[in-house]
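Visitor: File query.tsv below, TSV, C-alpha atoms:
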```tsv
chain	number	residue	atom	x	y	z
A	164	MET	CA	3.17	-44.19	35.14
A	165	VAL	CA	2.35	-43.59	31.46
A	166	ASN	CA	-0.96	-42.01	32.45
A	167	ASN	CA	0.87	-39.45	34.66
A	168	VAL	CA	2.98	-38.29	31.70
A	169	MET	CA	-0.10	-37.68	29.58
A	170	GLU	CA	-1.82	-35.70	32.35
A	171	TRP	CA	0.74	-32.88	32.35
A	172	LEU	CA	1.70	-33.11	28.66
A	173	GLN	CA	-1.71	-32.07	27.36
A	174	PRO	CA	-1.96	-28.78	29.36
A	175	LEU	CA	1.64	-27.98	28.39
A	176	LEU	CA	0.82	-28.39	24.69
A	177	VAL	CA	-2.30	-26.24	25.05
A	178	LEU	CA	-0.24	-23.48	26.70
A	179	LEU	CA	2.39	-23.66	23.95
A	180	ILE	CA	-0.27	-23.40	21.25
A	181	LEU	CA	-1.96	-20.45	23.00
A	182	GLY	CA	1.41	-18.72	23.37
A	183	ALA	CA	2.18	-19.19	19.68
A	184	LEU	CA	-1.26	-17.83	18.71
A	185	PHE	CA	-0.78	-14.80	20.96
A	186	PHE	CA	2.64	-14.14	19.44
A	187	LEU	CA	1.28	-14.35	15.87
A	188	LEU	CA	-1.65	-12.09	16.74
A	189	LEU	CA	0.68	-9.49	18.25
A	190	ARG	CA	2.98	-9.61	15.22
A	191	GLN	CA	0.04	-9.17	12.83
A	192	THR	CA	-1.30	-6.22	14.84
A	193	LEU	CA	2.08	-4.45	14.75
A	194	GLU	CA	2.38	-5.05	11.01
A	195	LEU	CA	-1.09	-3.60	10.36
A	196	SER	CA	-0.30	-0.50	12.40
A	197	ARG	CA	2.80	0.07	10.25
A	198	VAL	CA	0.79	-0.34	7.03
A	199	ARG	CA	-1.77	2.24	8.19
A	200	GLY	CA	1.04	4.75	8.59
A	201	VAL	CA	1.92	4.57	4.89
A	202	ARG	CA	0.78	7.62	2.95
A	203	ALA	CA	-1.16	7.16	-0.25
A	204	VAL	CA	0.14	8.92	-3.34
A	205	ALA	CA	-1.29	9.51	-6.81
A	206	GLY	CA	0.71	10.03	-10.00
A	207	TYR	CA	-0.03	12.86	-12.45
A	208	THR	CA	1.24	13.90	-15.88
A	209	LEU	CA	1.53	17.45	-17.23
A	210	GLU	CA	0.81	17.86	-20.94
A	211	ALA	CA	1.58	21.06	-22.84
A	212	CYS	CA	0.03	22.28	-26.05
A	213	GLY	CA	1.37	25.68	-27.05
A	214	ASP	CA	1.09	27.86	-23.95
A	215	ARG	CA	-1.66	25.74	-22.32
A	216	VAL	CA	-0.74	23.09	-19.70
A	217	GLU	CA	-3.14	20.29	-18.69
A	218	ARG	CA	-2.90	17.89	-15.80
A	219	ARG	CA	-4.14	14.29	-16.03
A	220	GLU	CA	-3.63	11.00	-14.20
A	221	PHE	CA	-0.44	9.09	-14.95
A	222	ARG	CA	-0.77	6.23	-17.44
A	223	GLU	CA	1.60	3.31	-17.92
A	224	GLY	CA	4.16	4.22	-20.58
A	225	ASP	CA	4.19	7.99	-19.94
A	226	TYR	CA	7.58	9.71	-20.08
A	227	VAL	CA	8.74	13.31	-20.41
A	228	GLY	CA	8.94	14.30	-24.07
A	229	LEU	CA	6.33	11.81	-25.32
A	230	VAL	CA	4.04	13.25	-28.02
A	231	THR	CA	0.50	12.27	-27.01
A	232	GLY	CA	-1.45	13.96	-29.79
A	233	SER	CA	-1.88	17.17	-31.65
A	234	CYS	CA	-3.70	20.42	-31.04
A	235	GLU	CA	-4.05	23.80	-32.71
A	236	GLY	CA	-0.74	24.99	-31.19
A	237	GLY	CA	1.30	22.03	-32.49
A	238	PRO	CA	2.06	18.65	-30.94
A	239	LYS	CA	0.71	17.82	-27.49
A	240	ARG	CA	3.74	16.79	-25.40
A	241	ILE	CA	4.35	15.54	-21.84
A	242	ILE	CA	6.44	18.09	-19.97
A	243	GLY	CA	6.34	16.68	-16.43
A	244	ILE	CA	5.41	13.73	-14.23
A	245	PHE	CA	4.94	14.00	-10.46
A	246	VAL	CA	3.26	12.34	-7.48
A	247	GLU	CA	1.07	13.99	-4.89
A	248	GLU	CA	-0.02	12.82	-1.46
A	249	VAL	CA	-3.69	11.87	-1.40
A	250	GLY	CA	-5.71	13.45	1.41
A	251	GLU	CA	-7.86	11.42	3.78
A	252	GLN	CA	-11.10	12.54	2.07
A	253	GLN	CA	-9.83	11.67	-1.42
A	254	ARG	CA	-8.60	8.27	-0.19
A	255	ARG	CA	-12.11	7.29	0.96
A	256	ALA	CA	-13.80	8.33	-2.30
```
Would you put the structure from the file into structure tokens?

Guide:
Amino acid sequence: MVNNVMEWLQPLLVLLILGALFFLLLRQTLELSRVRGVRAVAGYTLEACGDRVERREFREGDYVGLVTGSCEGGPKRIIGIFVEEVGEQQRRA
């Protein structure tokens, strides 16, 4: 009688394990498809010196009004910070 219980218990456990693995695989696939839909963005800072404006990549600690140096027109100051969507070609580079 004990042997009969073990005969059907093992295939049942294998099916439960396969079902759990299939469920986890499906959940992971759906999560990856959502992550691929996220757009990549890059942060930039605008610096002004007199009437000249330069664009550079955002650095930690940047804020509007920060004096970053000097130039012939006076102090070099941050006048703007913005983000821009990165294109598919730029993302691969």

Visitor: Tell me which of A:Val198, A:Ile180, A:Cys212, A:Ile244 sits closest to A:Val227, counting all atoms listed in the file.

Guide: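 Going through A:Val198, A:Ile180, A:Cys212, A:Ile244 one by one, the smallest distance to A:Val227 is for A:Ile244.
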
Visitor: Would you pick out the contacts of A:Ala211 at 12 Å or less, using only C-alpha atoms, so that residues sharing its chain but fewer than 5 positions from it are not included, and give the list as a PDB file with C-alpha atoms, in the frame of the given file?

Guide:
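Listed below is the output, around_16.pdb:
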```pdb
ATOM      1  CA  VAL A 216      -0.740  23.090 -19.700  1.00  0.00           C
ATOM      2  CA  GLU A 217      -3.140  20.290 -18.690  1.00  0.00           C
ATOM      3  CA  ARG A 218      -2.900  17.890 -15.800  1.00  0.00           C
ATOM      4  CA  ARG A 219      -4.140  14.290 -16.030  1.00  0.00           C
ATOM      5  CA  VAL A 227       8.740  13.310 -20.410  1.00  0.00           C
ATOM      6  CA  GLY A 228       8.940  14.300 -24.070  1.00  0.00           C
ATOM      7  CA  LEU A 229       6.330  11.810 -25.320  1.00  0.00           C
ATOM      8  CA  VAL A 230       4.040  13.250 -28.020  1.00  0.00           C
ATOM      9  CA  THR A 231       0.500  12.270 -27.010  1.00  0.00           C
ATOM     10  CA  GLY A 232      -1.450  13.960 -29.790  1.00  0.00           C
ATOM     11  CA  SER A 233      -1.880  17.170 -31.650  1.00  0.00           C
ATOM     12  CA  CYS A 234      -3.700  20.420 -31.040  1.00  0.00           C
ATOM     13  CA  GLU A 235      -4.050  23.800 -32.710  1.00  0.00           C
ATOM     14  CA  GLY A 236      -0.740  24.990 -31.190  1.00  0.00           C
ATOM     15  CA  GLY A 237       1.300  22.030 -32.490  1.00  0.00           C
ATOM     16  CA  PRO A 238       2.060  18.650 -30.940  1.00  0.00           C
ATOM     17  CA  LYS A 239       0.710  17.820 -27.490  1.00  0.00           C
ATOM     18  CA  ARG A 240       3.740  16.790 -25.400  1.00  0.00           C
ATOM     19  CA  ILE A 241       4.350  15.540 -21.840  1.00  0.00           C
ATOM     20  CA  ILE A 242       6.440  18.090 -19.970  1.00  0.00           C
ATOM     21  CA  GLY A 243       6.340  16.680 -16.430  1.00  0.00           C
ATOM     22  CA  ILE A 244       5.410  13.730 -14.230  1.00  0.00           C
TER      23      ILE A 244
END
```

Visitor: What's the separation between atom CA of A:Phe221 and atom CA of A:Glu247, in Å to one decimal place?

Guide: 11.3 Å

Visitor: One number please: atom CA of A:Val204 to atom CA of A:Glu223, in Å, one decimal.

Guide: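 Distance reported for this atom pair: 15.7 Å.
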
Visitor: By how many Å are atom CA of A:Ala203 and atom CA of A:Arg222 apart?

Guide: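 Computing it gives 17.2 Å between the two atoms.
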